[in-house]
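These notes are about the structure you will find just below.
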Amino acid sequence: GQFEVMEKTLRTIIERNPNDIQALNALGYSLADRNIRLKNAYELILKAHNLDPKDPFILDSLGWVNFRLGNKELALKQLQDAFRIKPEADIAAHLGEVLWILNRPIEAEEAWRQGELIDANNATLRETLKRLKPSWAISMDIVASQWDGRFAVRASDRPTNNNQGGSGSFTLTKNGLSDTLEIRGPMGGAIAKITINPGEAILERDGKKVSAIDADTLIQNTLGLPLPARGLSNWLNGQLRAGSPARLERDNQGQVKRISQDGWDLAYVWNESKKIERLTMTRNTNTGSIDVRLIFDQVNE
């Protein structure tokens with residue numbers, strides 16, 4: 001498998017250069033993360049650490065292998081030191097897990113919150129939360145699949161001091177990997193229908209179809225509306241767009257309060273049933289700003 005190939009490659013590098021810090025750490029961490037050959041993993045990582053004691057990523061690996069070996073208090077100190085030197089989502093995931101196993105859930109959640117503020121899309125952090133804090137990961141059987149509501153868009157262009165905007169209503173339907181966004185004018189007349197599939201977006205208007213790779217660009221160029229359509233169903237469920245780093249902030253109950261991703265800042269208002277009521281999306285660049293406000297009529301079960 002891939003791991004065997006990687007292990008063989010790293011061991012070859014270490015044979016040629018026994019003090020290759022990156023190879024020592026990479027191999028040791030890979031073993032520790034898979035919870036296999038922990039004694040060898042510890043020896044590799046410890047050697048890397050002795051060669052570079054201040055490297056936070058090696059210190060993270062050392063803490064993680066000590067955790068796997070059952071040295072939880074030592075692991076905690078090493079991971080706290082690593083996170084203090086270099087706040088990274090991976091390290092926050094490990095630190096939170098050690099705190100969680102030590103029965104310190106409030107501190108664990110705080111570590112994970114810090115990790116989500118750094119990069120909520122980090123694979124290690126997401127996998128950790130899925131195992132230990134599943135309530136923070138929306139279950140696929142309770143996510144909404146259709147939203148109806150109204151929108152208002154305001155855009156300002158700084159160089160020309162021009163302001164433009166628009167408003168209307170919308171319906172967004174999610175079906176598998178496809179999203180369908182129907183945009184209507186203020187009086188309810190159809191403006192356009194956009195079907196968003198992985199790798200392609202198709203806009204239908206006045207009996208004509210236009211396609212593009214990116215849905216956001218397609219809507220901007222065709223309708224003049226700077227609406228973030230790609231991955232919108234994820235955002236409306238309080239989830240992240242796939243494939244790019246994101247900053248995520250939760251309230252005291254663990255509900256998503258803010259997301260920053262792909263240049264957009266999202267602010268959520270949820271009702272008592274944890275259904276979305278309002279969403280404000282803003283984007284500021286050197287050339288201007290965009291403000292999109294969505295108010296939801298209802299969320300289908």
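By convention in this document, the chains of the structure tokens carry letters A, B, ... by their order, each chain's residues are numbered from 1, and ligands are numbered from 1 in the order they are shown.
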
Exercise for the section: Within region 103-260 of chain A, find each residue whose DSSP state, derived from the backbone, is helix (DSSP H, G or I), and express the selection as an MDAnalysis selection string. Expected result: chainID A and resid 105:119 123:132 134:136 215:223 232:236

Practice task
Compile the contact shell of Gln78 (chain A) as JSON, numbers by chain: residues with an atom at most 12 Å away, counting only C-alpha atoms, same-chain residues fewer than 4 positions apart removed.
Solution key: {"A": [49, 53, 54, 55, 56, 57, 58, 59, 60, 61, 62, 63, 64, 65, 66, 67, 71, 72, 73, 74, 82, 83, 84, 85, 91, 94, 95, 98]}

Practice task
May I have the residues within 9 Å of Ile202 (chain A) as a PyMOL selection string, using only C-alpha atoms and disregarding those fewer than 5 positions away in the same chain?
Solution key: chain A and resi 193-197+209-213+215+218

Writer output for current selection, N, CA and C atoms, as a CSV table (one decimal), in the first residue's frame:
```
chain,number,residue,atom,x,y,z
A,193,LYS,N,-32.1,30.2,-13.3
A,193,LYS,CA,-32.0,28.9,-12.6
A,193,LYS,C,-30.5,28.5,-12.8
A,194,ILE,N,-29.8,28.2,-11.7
A,194,ILE,CA,-28.4,27.8,-11.8
A,194,ILE,C,-28.3,26.4,-11.2
A,195,THR,N,-27.8,25.5,-12.0
A,195,THR,CA,-27.5,24.1,-11.5
A,195,THR,C,-26.0,24.0,-11.3
A,196,ILE,N,-25.6,23.6,-10.1
A,196,ILE,CA,-24.2,23.6,-9.8
A,196,ILE,C,-23.8,22.1,-9.5
A,197,ASN,N,-23.0,21.6,-10.4
A,197,ASN,CA,-22.4,20.3,-10.2
A,197,ASN,C,-20.9,20.4,-10.0
A,209,LYS,N,-29.0,28.7,-22.2
A,209,LYS,CA,-28.1,28.1,-21.2
A,209,LYS,C,-26.7,28.6,-21.4
A,210,VAL,N,-26.1,28.9,-20.3
A,210,VAL,CA,-24.7,29.3,-20.3
A,210,VAL,C,-24.0,28.5,-19.2
A,211,SER,N,-22.8,28.0,-19.5
A,211,SER,CA,-22.1,27.2,-18.6
A,211,SER,C,-20.7,27.7,-18.3
A,212,ALA,N,-20.2,27.4,-17.1
A,212,ALA,CA,-18.8,27.8,-16.7
A,212,ALA,C,-18.3,26.8,-15.6
A,213,ILE,N,-17.1,26.9,-15.4
A,213,ILE,CA,-16.5,26.0,-14.3
A,213,ILE,C,-16.9,26.4,-13.0
A,215,ALA,N,-19.4,28.6,-10.4
A,215,ALA,CA,-20.7,29.2,-10.3
A,215,ALA,C,-20.7,30.6,-9.9
A,218,LEU,N,-19.9,32.7,-12.9
A,218,LEU,CA,-21.0,32.6,-13.9
A,218,LEU,C,-22.1,33.6,-13.5
```

Practice task
Mind checking which residues fall within 8 Å of Asp216 (chain A), counting only C-alpha atoms, ignoring those fewer than 2 positions away in the same chain, and posting them as a list of chain:residue names?
Solution key: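 Final neighbour list, sorted by chain and number: A:Asp214, A:Leu218, A:Ile219, A:Gln220, A:Pro226, A:Leu227, A:Pro228, A:Ala229, A:Arg230.
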
Pick out the residues sitting within 9 Å of region 14-19 of chain A, and hand them over as a PDB file with C-alpha atoms, in the first residue's frame; count only C-alpha atoms, and ignore anything fewer than 6 positions along from it in its own chain.
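Below is the file that was written, result_7.pdb:
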```
ATOM      1  CA  LYS A  47      16.291  11.726  17.695  1.00  0.00           C
ATOM      2  CA  ALA A  48      14.706  14.420  15.519  1.00  0.00           C
ATOM      3  CA  LEU A  51      18.607  17.516  16.732  1.00  0.00           C
TER       4      LEU A  51
END
```

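Checking A:Thr282, A:Asn122, A:Asn161, A:Leu132 one by one against Ser244 (chain A), counting only C-alpha atoms, you find the shortest gap at A:Asn122.
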
Exercise for the section: May I ask for the distance between CA of Arg131 (chain A) and CA of Gln239 (chain A), given in Å to one decimal place? Expected result: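 Pair CA of Arg131 (chain A) / CA of Gln239 (chain A) returns 17.1 Å.
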
Exercise for the section: Please report, as an NGL selection string, each residue of region 35-187 of chain A to which DSSP assigns strand (DSSP E) when run on this structure's backbone. Expected result: :A and (146-157 or 162-175 or 178-184)
